[in-house]
>>> print(open('input07.txt').read())   # compact mmCIF, C-alpha atoms
# COMPACT_ATOMS: atom_id res chain seq x y z
CA MET K 715 -24.55 -23.09 8.73
CA LYS K 716 -23.83 -19.52 9.88
CA GLN K 717 -21.05 -19.29 12.39
CA THR K 718 -19.58 -16.28 14.08
CA VAL K 719 -16.09 -15.35 12.89
CA ALA K 720 -13.74 -13.91 15.50
CA LEU K 721 -13.08 -10.27 14.59
CA PRO K 722 -9.28 -10.64 14.27
CA GLN K 723 -9.93 -13.21 11.54
CA ALA K 724 -12.63 -11.24 9.74
CA TYR K 725 -10.16 -9.82 7.20
CA ARG K 726 -9.63 -13.35 5.91
CA LEU K 727 -13.14 -13.29 4.46
CA LEU K 728 -12.04 -10.64 1.94
CA ASN K 729 -8.36 -11.48 1.69
CA HIS K 730 -8.47 -13.56 -1.48
CA GLY K 731 -8.33 -10.88 -4.09
CA PRO K 732 -5.35 -11.00 -6.44
CA THR K 733 -2.12 -10.76 -4.46
CA VAL K 734 0.25 -8.09 -5.78
CA LEU K 735 3.92 -7.31 -5.50
CA VAL K 736 4.44 -3.61 -4.83
CA SER K 737 7.70 -2.33 -6.27
CA ALA K 738 9.28 1.07 -5.81
CA ALA K 739 12.62 2.87 -6.06
CA HIS K 740 14.23 6.08 -4.89
CA GLY K 741 17.73 7.48 -4.51
CA GLY K 742 19.49 4.41 -5.84
CA ARG K 743 17.55 1.91 -3.70
CA ARG K 744 14.75 -0.30 -4.94
CA ASN K 745 12.48 -2.78 -3.22
CA VAL K 746 9.56 -5.11 -3.64
CA MET K 747 6.96 -6.27 -1.11
CA ALA K 748 3.90 -8.52 -1.21
CA ALA K 749 0.40 -7.16 -0.56
CA ALA K 750 -2.94 -8.91 -0.54
CA TRP K 751 -4.90 -5.69 -0.11
CA ALA K 752 -5.14 -3.86 -3.41
CA MET K 753 -8.13 -3.02 -5.58
CA PRO K 754 -9.29 -0.78 -8.40
CA LEU K 755 -10.74 2.57 -7.40
CA ASP K 756 -11.89 4.02 -10.71
CA PHE K 757 -12.16 3.20 -14.40
CA ASP K 758 -10.89 6.09 -16.48
CA PRO K 759 -8.53 7.54 -15.65
CA PRO K 760 -7.82 4.30 -13.81
CA LYS K 761 -7.05 4.54 -10.13
CA VAL K 762 -6.11 1.93 -7.56
CA ALA K 763 -5.92 1.63 -3.78
CA VAL K 764 -3.33 -0.41 -1.89
CA VAL K 765 -2.40 -0.82 1.76
CA ILE K 766 1.33 -0.25 2.44
CA ASP K 767 2.26 -0.65 6.09
CA LYS K 768 4.37 1.97 7.85
CA ASN K 769 6.86 -0.69 8.86
CA THR K 770 7.84 -1.57 5.31
CA PHE K 771 10.92 -0.29 3.54
CA THR K 772 8.84 0.10 0.38
CA ARG K 773 6.67 2.68 2.11
CA GLY K 774 9.56 5.12 2.37
CA LEU K 775 10.43 4.66 -1.29
CA VAL K 776 6.83 5.30 -2.33
CA GLU K 777 6.56 8.41 -0.19
CA ALA K 778 9.87 9.78 -1.43
CA SER K 779 9.32 9.05 -5.13
CA GLY K 780 5.54 9.53 -5.42
CA CYS K 781 5.32 6.37 -7.50
CA PHE K 782 4.69 2.66 -7.06
CA ALA K 783 4.03 -0.29 -9.31
CA LEU K 784 1.62 -3.15 -8.77
CA ASN K 785 2.90 -6.40 -10.30
CA LEU K 786 0.60 -9.43 -10.42
CA PRO K 787 2.53 -12.63 -9.69
CA CYS K 788 1.35 -16.03 -10.83
CA ARG K 789 1.58 -19.61 -9.60
CA SER K 790 5.11 -20.06 -10.89
CA LEU K 791 6.16 -17.21 -8.57
CA ALA K 792 4.30 -18.49 -5.49
CA ASP K 793 7.42 -19.35 -3.49
CA ALA K 794 9.12 -16.07 -4.41
CA THR K 795 5.96 -14.14 -3.55
CA PHE K 796 5.70 -15.81 -0.16
CA THR K 797 9.38 -15.16 0.53
CA VAL K 798 9.16 -11.52 -0.56
CA GLY K 799 6.27 -11.19 1.87
CA SER K 800 8.20 -12.80 4.71
CA ILE K 801 11.43 -10.78 4.75
CA SER K 802 12.15 -7.07 4.97
CA ALA K 803 14.71 -4.91 3.24
CA LYS K 804 15.07 -3.18 6.60
CA ASP K 805 17.23 -6.13 7.63
CA GLU K 806 19.64 -5.51 4.72
CA GLY K 807 22.81 -3.52 4.90
CA PRO K 808 23.15 -0.82 2.22
CA HIS K 809 25.55 -3.01 0.21
CA ASP K 810 23.70 -6.33 0.55
CA PRO K 811 21.87 -7.74 -2.45
CA ASP K 812 18.34 -6.34 -2.60
CA LYS K 813 15.14 -8.36 -2.32
CA PHE K 814 14.87 -8.80 -6.08
CA GLU K 815 18.25 -10.51 -6.10
CA ARG K 816 17.76 -12.43 -2.90
CA CYS K 817 14.46 -13.85 -4.16
CA GLY K 818 15.71 -14.52 -7.69
CA LEU K 819 13.34 -12.02 -9.25
CA ALA K 820 14.23 -10.46 -12.58
CA SER K 821 13.23 -6.87 -13.20
CA PHE K 822 12.74 -4.51 -16.09
CA ASP K 823 12.10 -0.79 -16.26
CA GLY K 824 8.56 0.47 -16.44
CA PRO K 825 8.19 2.33 -19.74
CA VAL K 826 6.52 5.40 -18.25
CA THR K 827 7.87 5.74 -14.72
CA GLY K 828 11.13 3.82 -14.97
CA LEU K 829 10.09 1.88 -11.84
CA PRO K 830 11.51 -1.61 -11.46
CA LEU K 831 8.81 -4.05 -12.60
CA VAL K 832 8.97 -7.71 -11.61
CA GLY K 833 9.83 -10.18 -14.36
CA GLY K 834 7.72 -13.32 -14.62
CA CYS K 835 4.56 -11.58 -13.43
CA VAL K 836 1.45 -11.55 -15.61
CA ALA K 837 0.46 -7.88 -15.29
CA TRP K 838 2.08 -4.60 -14.34
CA LEU K 839 0.46 -1.31 -13.33
CA GLU K 840 2.64 1.79 -13.02
CA CYS K 841 1.06 4.30 -10.66
CA ARG K 842 1.58 7.84 -9.45
CA VAL K 843 0.52 8.50 -5.86
CA LEU K 844 -2.56 10.67 -5.48
CA PRO K 845 -1.39 12.49 -2.38
CA GLU K 846 -3.83 11.95 0.47
CA PRO K 847 -1.63 12.39 3.54
CA HIS K 848 -4.41 11.81 6.04
CA VAL K 849 -5.49 8.37 4.80
CA GLN K 850 -1.86 7.41 4.17
CA GLN K 851 -1.03 8.19 7.78
CA ALA K 852 -4.22 7.03 9.47
CA TYR K 853 -4.89 3.85 7.45
CA ASP K 854 -1.66 3.07 5.56
CA LEU K 855 -3.84 3.47 2.47
CA PHE K 856 -2.28 4.72 -0.76
CA LEU K 857 -4.32 5.85 -3.74
CA GLY K 858 -2.72 5.97 -7.14
CA GLU K 859 -3.48 6.87 -10.71
CA VAL K 860 -2.46 4.19 -13.18
CA VAL K 861 -0.28 5.81 -15.83
CA ALA K 862 0.70 2.67 -17.73
CA ALA K 863 -0.45 -0.95 -17.77
CA GLN K 864 0.88 -4.09 -19.37
CA ALA K 865 -0.14 -7.73 -19.22
CA ASP K 866 1.00 -11.09 -20.51
CA GLY K 867 -0.97 -11.52 -23.71
CA ARG K 868 -1.19 -15.27 -23.22
CA VAL K 869 -3.58 -14.83 -20.28
CA PHE K 870 -4.99 -11.29 -20.64
CA SER K 871 -6.31 -10.05 -23.94
CA GLY K 872 -9.42 -8.37 -25.23
CA GLY K 873 -9.69 -6.66 -21.85
CA ARG K 874 -10.10 -9.83 -19.80
CA TRP K 875 -8.29 -12.64 -18.09
CA HIS K 876 -8.61 -16.12 -19.60
CA PHE K 877 -6.50 -18.90 -18.18
CA ALA K 878 -6.29 -21.84 -20.55
CA PRO K 879 -5.32 -25.25 -19.12
CA GLU K 880 -1.84 -24.96 -20.63
CA HIS K 881 -1.32 -21.73 -18.70
CA GLU K 882 -1.82 -23.24 -15.26
CA SER K 883 1.44 -21.71 -14.04
CA LEU K 884 0.35 -18.23 -15.16
CA ARG K 885 -2.79 -18.03 -13.03
CA THR K 886 -2.90 -15.22 -10.47
CA LEU K 887 -2.43 -15.87 -6.74
CA HIS K 888 -5.15 -15.26 -4.15
CA HIS K 889 -3.88 -15.43 -0.60
CA ILE K 890 -5.73 -17.58 1.91
CA ALA K 891 -3.32 -17.47 4.88
CA GLY K 892 0.23 -18.47 5.76
CA GLY K 893 1.49 -18.79 2.20
CA ALA K 894 -1.47 -20.83 0.96
CA PHE K 895 -2.94 -19.38 -2.21
CA PHE K 896 -5.95 -20.13 -4.36
CA SER K 897 -5.91 -19.67 -8.08
CA VAL K 898 -8.91 -18.59 -10.06
CA ALA K 899 -10.59 -21.15 -12.28
CA ASP K 900 -13.89 -22.41 -13.62
CA PRO K 901 -15.32 -19.28 -15.23
CA LEU K 902 -19.08 -19.11 -15.36
CA GLN K 903 -21.29 -16.71 -17.28
CA ALA K 904 -24.13 -15.35 -15.15
CA LYS K 905 -27.47 -14.53 -16.73
CA ARG K 906 -29.79 -11.75 -15.75
CA LEU K 907 -32.91 -12.97 -13.98
CA PHE K 908 -35.03 -10.42 -15.86
CA MET E 727 4.57 -11.73 -24.07
CA LYS E 728 4.14 -8.27 -22.54
CA GLN E 729 1.46 -6.26 -24.19
CA THR E 730 0.25 -2.78 -23.44
CA VAL E 731 -3.19 -2.63 -21.83
CA ALA E 732 -5.38 0.34 -22.76
CA LEU E 733 -5.81 2.48 -19.65
CA PRO E 734 -9.63 2.27 -19.56
CA GLN E 735 -9.23 -1.52 -19.22
CA ALA E 736 -6.45 -1.44 -16.65
CA TYR E 737 -8.88 -1.90 -13.74
CA ARG E 738 -9.68 -5.35 -15.10
CA LEU E 739 -6.22 -6.51 -14.09
CA LEU E 740 -7.19 -6.14 -10.42
CA ASN E 741 -10.93 -6.67 -10.69
CA HIS E 742 -11.05 -10.33 -9.70
CA GLY E 743 -11.09 -10.05 -5.95
CA PRO E 744 -14.13 -11.50 -4.22
CA THR E 745 -17.28 -9.77 -5.44
CA VAL E 746 -19.47 -8.50 -2.63
CA LEU E 747 -23.07 -7.47 -2.23
CA VAL E 748 -23.30 -4.23 -0.26
CA SER E 749 -26.51 -4.01 1.75
CA ALA E 750 -27.83 -1.06 3.71
CA ALA E 751 -31.03 0.35 5.18
CA HIS E 752 -32.38 3.63 6.48
CA GLY E 753 -35.77 5.15 7.22
CA GLY E 754 -37.78 2.11 6.21
CA ARG E 755 -35.95 1.57 2.91
CA ARG E 756 -33.35 -1.11 2.29
CA ASN E 757 -31.22 -1.97 -0.70
CA VAL E 758 -28.50 -4.20 -2.01
CA MET E 759 -25.92 -3.56 -4.75
CA ALA E 760 -23.02 -5.52 -6.23
CA ALA E 761 -19.42 -4.31 -5.90
CA ALA E 762 -16.20 -5.85 -7.17
CA TRP E 763 -14.02 -3.30 -5.41
CA ALA E 764 -13.73 -4.16 -1.73
CA MET E 765 -10.75 -5.18 0.36
CA PRO E 766 -9.53 -5.48 3.93
CA LEU E 767 -7.82 -2.41 5.37
CA ASP E 768 -6.65 -3.63 8.78
CA PHE E 769 -6.54 -6.71 10.98
CA ASP E 770 -7.66 -5.85 14.49
CA PRO E 771 -9.88 -4.05 14.90
CA PRO E 772 -10.77 -5.18 11.39
CA LYS E 773 -11.43 -2.50 8.83
CA VAL E 774 -12.48 -2.66 5.20
CA ALA E 775 -12.58 -0.36 2.18
CA VAL E 776 -15.26 -0.45 -0.52
CA VAL E 777 -16.13 1.74 -3.50
CA ILE E 778 -19.77 2.88 -3.54
CA ASP E 779 -20.64 5.08 -6.49
CA LYS E 780 -22.51 8.34 -6.02
CA ASN E 781 -25.15 7.21 -8.47
CA THR E 782 -26.28 4.25 -6.38
CA PHE E 783 -29.32 4.25 -4.13
CA THR E 784 -27.29 2.29 -1.57
CA ARG E 785 -24.89 5.22 -1.21
CA GLY E 786 -27.59 7.41 0.31
CA LEU E 787 -28.61 4.69 2.75
CA VAL E 788 -24.99 4.22 3.86
CA GLU E 789 -24.45 7.94 4.32
CA ALA E 790 -27.68 8.37 6.25
CA SER E 791 -27.29 5.34 8.51
CA GLY E 792 -23.50 5.23 8.93
CA CYS E 793 -23.55 1.47 8.39
CA PHE E 794 -23.18 -1.04 5.60
CA ALA E 795 -22.80 -4.77 5.29
CA LEU E 796 -20.57 -6.71 2.91
CA ASN E 797 -22.12 -10.03 1.93
CA LEU E 798 -20.05 -12.54 -0.04
CA PRO E 799 -22.17 -14.29 -2.65
CA CYS E 800 -21.27 -17.68 -4.10
CA ARG E 801 -21.73 -19.50 -7.39
CA SER E 802 -25.32 -20.44 -6.63
CA LEU E 803 -26.09 -16.71 -6.45
CA ALA E 804 -24.24 -15.74 -9.64
CA ASP E 805 -27.36 -14.84 -11.62
CA ALA E 806 -28.85 -12.90 -8.72
CA THR E 807 -25.54 -11.10 -8.17
CA PHE E 808 -25.30 -10.11 -11.81
CA THR E 809 -28.90 -8.91 -11.80
CA VAL E 810 -28.47 -6.93 -8.58
CA GLY E 811 -25.48 -5.29 -10.24
CA SER E 812 -27.45 -4.46 -13.38
CA ILE E 813 -30.52 -2.71 -11.99
CA SER E 814 -30.98 0.25 -9.67
CA ALA E 815 -33.41 0.90 -6.87
CA LYS E 816 -33.54 4.46 -8.21
CA ASP E 817 -35.90 3.11 -10.87
CA GLU E 818 -38.34 1.81 -8.24
CA GLY E 819 -41.34 3.62 -6.93
CA PRO E 820 -41.55 3.86 -3.13
CA HIS E 821 -44.15 1.08 -3.04
CA ASP E 822 -42.55 -1.28 -5.54
CA PRO E 823 -40.91 -4.48 -4.31
CA ASP E 824 -37.30 -3.79 -3.37
CA LYS E 825 -34.24 -5.34 -5.00
CA PHE E 826 -34.10 -8.18 -2.50
CA GLU E 827 -37.60 -9.23 -3.52
CA ARG E 828 -37.16 -8.55 -7.22
CA CYS E 829 -34.01 -10.69 -7.29
CA GLY E 830 -35.40 -13.45 -5.08
CA LEU E 831 -32.89 -12.80 -2.30
CA ALA E 832 -33.76 -13.77 1.25
CA SER E 833 -32.54 -11.59 4.07
CA PHE E 834 -31.94 -11.79 7.78
CA ASP E 835 -31.06 -9.19 10.38
CA GLY E 836 -27.43 -8.62 11.25
CA PRO E 837 -27.03 -9.46 14.92
CA VAL E 838 -25.11 -6.28 15.82
CA THR E 839 -26.34 -3.59 13.42
CA GLY E 840 -29.73 -4.96 12.42
CA LEU E 841 -28.75 -4.40 8.79
CA PRO E 842 -30.41 -6.65 6.21
CA LEU E 843 -27.92 -9.41 5.38
CA VAL E 844 -28.31 -11.46 2.21
CA GLY E 845 -29.41 -15.07 2.65
CA GLY E 846 -27.54 -17.73 0.71
CA CYS E 847 -24.22 -15.86 0.88
CA VAL E 848 -21.18 -17.52 2.45
CA ALA E 849 -19.94 -14.65 4.63
CA TRP E 850 -21.28 -11.45 6.14
CA LEU E 851 -19.41 -8.44 7.52
CA GLU E 852 -21.36 -5.78 9.40
CA CYS E 853 -19.54 -2.46 9.26
CA ARG E 854 -19.78 1.01 10.72
CA VAL E 855 -18.58 3.81 8.46
CA LEU E 856 -15.35 5.46 9.53
CA PRO E 857 -16.30 8.97 8.48
CA GLU E 858 -13.82 10.28 5.91
CA PRO E 859 -15.91 12.81 3.98
CA HIS E 860 -13.10 13.83 1.67
CA VAL E 861 -12.31 10.37 0.26
CA GLN E 862 -16.02 9.50 0.19
CA GLN E 863 -16.68 12.54 -1.96
CA ALA E 864 -13.53 12.56 -4.08
CA TYR E 865 -13.14 8.82 -4.71
CA ASP E 866 -16.48 7.21 -3.72
CA LEU E 867 -14.37 5.30 -1.22
CA PHE E 868 -15.91 4.20 2.07
CA LEU E 869 -13.89 2.91 4.99
CA GLY E 870 -15.57 0.85 7.66
CA GLU E 871 -14.84 -0.91 10.89
CA VAL E 872 -16.11 -4.47 10.98
CA VAL E 873 -18.24 -4.86 14.09
CA ALA E 874 -19.50 -8.40 13.46
CA ALA E 875 -18.61 -11.20 11.05
CA GLN E 876 -20.19 -14.50 10.19
CA ALA E 877 -19.42 -17.18 7.64
CA ASP E 878 -20.83 -20.47 6.39
CA GLY E 879 -18.99 -23.04 8.45
CA ARG E 880 -19.01 -25.52 5.59
CA VAL E 881 -16.53 -23.41 3.63
CA PHE E 882 -14.89 -21.11 6.20
CA SER E 883 -13.56 -22.48 9.47
CA GLY E 884 -10.38 -22.29 11.46
CA GLY E 885 -9.90 -18.81 10.07
CA ARG E 886 -9.65 -19.82 6.42
CA TRP E 887 -11.61 -20.66 3.32
CA HIS E 888 -11.58 -24.26 2.13
CA PHE E 889 -13.85 -25.24 -0.72
CA ALA E 890 -14.34 -28.99 -0.92
CA PRO E 891 -15.50 -30.51 -4.21
CA GLU E 892 -18.98 -31.05 -2.80
CA HIS E 893 -19.22 -27.33 -2.09
CA GLU E 894 -18.73 -26.19 -5.66
CA SER E 895 -21.84 -24.03 -5.48
CA LEU E 896 -20.55 -22.26 -2.35
CA ARG E 897 -17.36 -20.92 -3.89
CA THR E 898 -16.97 -17.13 -3.94
CA LEU E 899 -17.38 -15.10 -7.15
CA HIS E 900 -14.55 -13.12 -8.74
CA HIS E 901 -15.73 -10.81 -11.49
CA ILE E 902 -13.98 -10.87 -14.84
CA ALA E 903 -16.29 -8.65 -16.92
CA GLY E 904 -19.88 -8.56 -18.13
CA GLY E 905 -21.26 -11.07 -15.65
CA ALA E 906 -18.49 -13.61 -16.17
CA PHE E 907 -17.00 -14.75 -12.89
CA PHE E 908 -14.11 -16.94 -11.85
CA SER E 909 -14.23 -19.09 -8.77
CA VAL E 910 -11.21 -19.80 -6.63
CA ALA E 911 -9.77 -23.30 -6.75
CA ASP E 912 -6.60 -25.36 -6.68
CA PRO E 913 -5.00 -24.19 -3.43
CA LEU E 914 -1.23 -24.42 -3.31
CA GLN E 915 1.09 -24.07 -0.34
CA ALA E 916 4.06 -21.85 -1.09
CA LYS E 917 7.41 -22.53 0.54
CA ARG E 918 9.97 -19.97 1.60
CA LEU E 919 13.02 -19.93 -0.63
CA PHE E 920 15.29 -19.40 2.41
>>> encode(input="input07.txt", output="structure tokens")
Amino acid sequence: MKQTVALPQAYRLLNHGPTVLVSAAHGGRRNVMAAAWAMPLDFDPPKVAVVIDKNTFTRGLVEASGCFALNLPCRSLADATFTVGSISAKDEGPHDPDKFERCGLASFDGPVTGLPLVGGCVAWLECRVLPEPHVQQAYDLFLGEVVAAQADGRVFSGGRWHFAPEHESLRTLHHIAGGAFFSVADPLQAKRLF
Amino acid sequence: MKQTVALPQAYRLLNHGPTVLVSAAHGGRRNVMAAAWAMPLDFDPPKVAVVIDKNTFTRGLVEASGCFALNLPCRSLADATFTVGSISAKDEGPHDPDKFERCGLASFDGPVTGLPLVGGCVAWLECRVLPEPHVQQAYDLFLGEVVAAQADGRVFSGGRWHFAPEHESLRTLHHIAGGAFFSVADPLQAKRLF
């Protein structure tokens, strides 16, 4: 059953982690972008890694402010997430509505950093950049220390996600390709073999 | 519904990407470990990032050989994946069976690197380390270029995952905590808002 995967499609094999919305602000501007490539980097103090392309408007805000937030959108925000990931604030004039407004996304202030967090998401991580100029420049890779975290208590409590059937619309999004997303489901408990 | 998440549990909010088995070999020894923290880093040439703790036996093999493989296990390998993630080759004597054997995992040689790939997985990425000694040392973070990729054609074709009901056991594993894993399911197609 093994088939070779063309190298330009190899990233798709690992692409279906939880999609995030990266939000940032600086000098009176704010923005939000979608990213499929984010992961934890350490437990305590918690750190994360996220890829933020040089061509994004968010990148400049993150570099200028030294902060970013990772917001975890859910199924009810799938269309907004896809749209946020398909347009750029670089196409806006300075007085146009920003991407939050254009995509109908509410926001609230992060309690520690004051960053704009995305309403309707199911988790929020406020992060301070751990300055690593070389990997930022060479790989578009940003490392951050998580300085505050919140989650929707209906689907994350006791330190773990649990998506009950009535919370279908609150399940996280896992990007396949082209705006198609999986959700997570069907938890199983593995047992040690010995 | 927003609740504060204690910082030592914040990583759990992002933990449920696809779990991987990292395999490596050097000097006649081979090993395999479980990792929840892996993600793509670039499209073409494809690159990946993965966290490999200093305390693992695999880490030494990766550093010595300059190669690693990311294998994507599926539901039918959940118990083996949990076990691989719960024991260390550091507890083996040099003549003991290795973790592949102890956990009942078949292996086959990667066509490009010769690395031991894990049988029964649904995708395999052979990678060469992109040497970044500072982030390896400071963050246990390894960057790699993908030099070959394969996938199980029953569940990955046309450049995307698609898990049919009859392939329940081939769905990827997404770690929640303590050996509990989600699978991905219920694909939805997002639409652009404008």
>>> atom_distance(input="input07.txt", atom1="CA of Val758 (chain E)", atom2="CA of Lys825 (chain E)")
6.6 Å
>>> interface_residues(input="input07.txt", of="chain K", to="chain E", cutoff="6 Å", atoms="all atoms listed in the file", output="CSV table (one decimal) with C-alpha atoms, keeping the file's coordinate frame")
chain,number,residue,atom,x,y,z
K,715,MET,CA,-24.6,-23.1,8.7
K,716,LYS,CA,-23.8,-19.5,9.9
K,717,GLN,CA,-21.0,-19.3,12.4
K,718,THR,CA,-19.6,-16.3,14.1
K,719,VAL,CA,-16.1,-15.4,12.9
K,722,PRO,CA,-9.3,-10.6,14.3
K,723,GLN,CA,-9.9,-13.2,11.5
K,725,TYR,CA,-10.2,-9.8,7.2
K,728,LEU,CA,-12.0,-10.6,1.9
K,731,GLY,CA,-8.3,-10.9,-4.1
K,732,PRO,CA,-5.4,-11.0,-6.4
K,751,TRP,CA,-4.9,-5.7,-0.1
K,753,MET,CA,-8.1,-3.0,-5.6
K,754,PRO,CA,-9.3,-0.8,-8.4
K,757,PHE,CA,-12.2,3.2,-14.4
K,758,ASP,CA,-10.9,6.1,-16.5
K,792,ALA,CA,4.3,-18.5,-5.5
K,793,ASP,CA,7.4,-19.4,-3.5
K,797,THR,CA,9.4,-15.2,0.5
K,863,ALA,CA,-0.4,-1.0,-17.8
K,864,GLN,CA,0.9,-4.1,-19.4
K,865,ALA,CA,-0.1,-7.7,-19.2
K,866,ASP,CA,1.0,-11.1,-20.5
K,867,GLY,CA,-1.0,-11.5,-23.7
K,873,GLY,CA,-9.7,-6.7,-21.8
K,893,GLY,CA,1.5,-18.8,2.2
K,894,ALA,CA,-1.5,-20.8,1.0
K,895,PHE,CA,-2.9,-19.4,-2.2
K,896,PHE,CA,-6.0,-20.1,-4.4
K,897,SER,CA,-5.9,-19.7,-8.1
K,898,VAL,CA,-8.9,-18.6,-10.1
K,899,ALA,CA,-10.6,-21.2,-12.3
K,900,ASP,CA,-13.9,-22.4,-13.6
K,901,PRO,CA,-15.3,-19.3,-15.2
K,902,LEU,CA,-19.1,-19.1,-15.4
K,903,GLN,CA,-21.3,-16.7,-17.3
K,904,ALA,CA,-24.1,-15.4,-15.2
K,905,LYS,CA,-27.5,-14.5,-16.7
K,906,ARG,CA,-29.8,-11.8,-15.8
>>> axis_aligned_box(input="input07.txt", around="region 777-793 of chain E", padding_each_side="6 Å", output="lines of an AutoDock Vina configuration file")
center_x = -22.7
center_y = 4.9
center_z = 0.2
size_x = 25.2
size_y = 18.9
size_z = 29.4
>>> atom_distance(input="input07.txt", atom1="CA of His809 (chain K)", atom2="CA of Asn745 (chain K)")
13.5 Å
>>> atom_distance(input="input07.txt", atom1="CA of Glu852 (chain E)", atom2="CA of Lys780 (chain E)")
20.9 Å
>>> closest_residue(input="input07.txt", among="E:Ala790, E:Leu841, E:Leu856, E:Ala795", to="Ala761 (chain E)", atoms="all atoms listed in the file")
E:Ala795
>>> closest_residue(input="input07.txt", among="E:Leu787, E:Ser833, E:Ala890, E:Arg756", to="Pro820 (chain E)", atoms="all atoms listed in the file")
E:Arg756
>>> closest_residue(input="input07.txt", among="K:Ala803, K:Cys788, K:Ala748, K:Ala852", to="Phe771 (chain K)", atoms="only C-alpha atoms")
K:Ala803
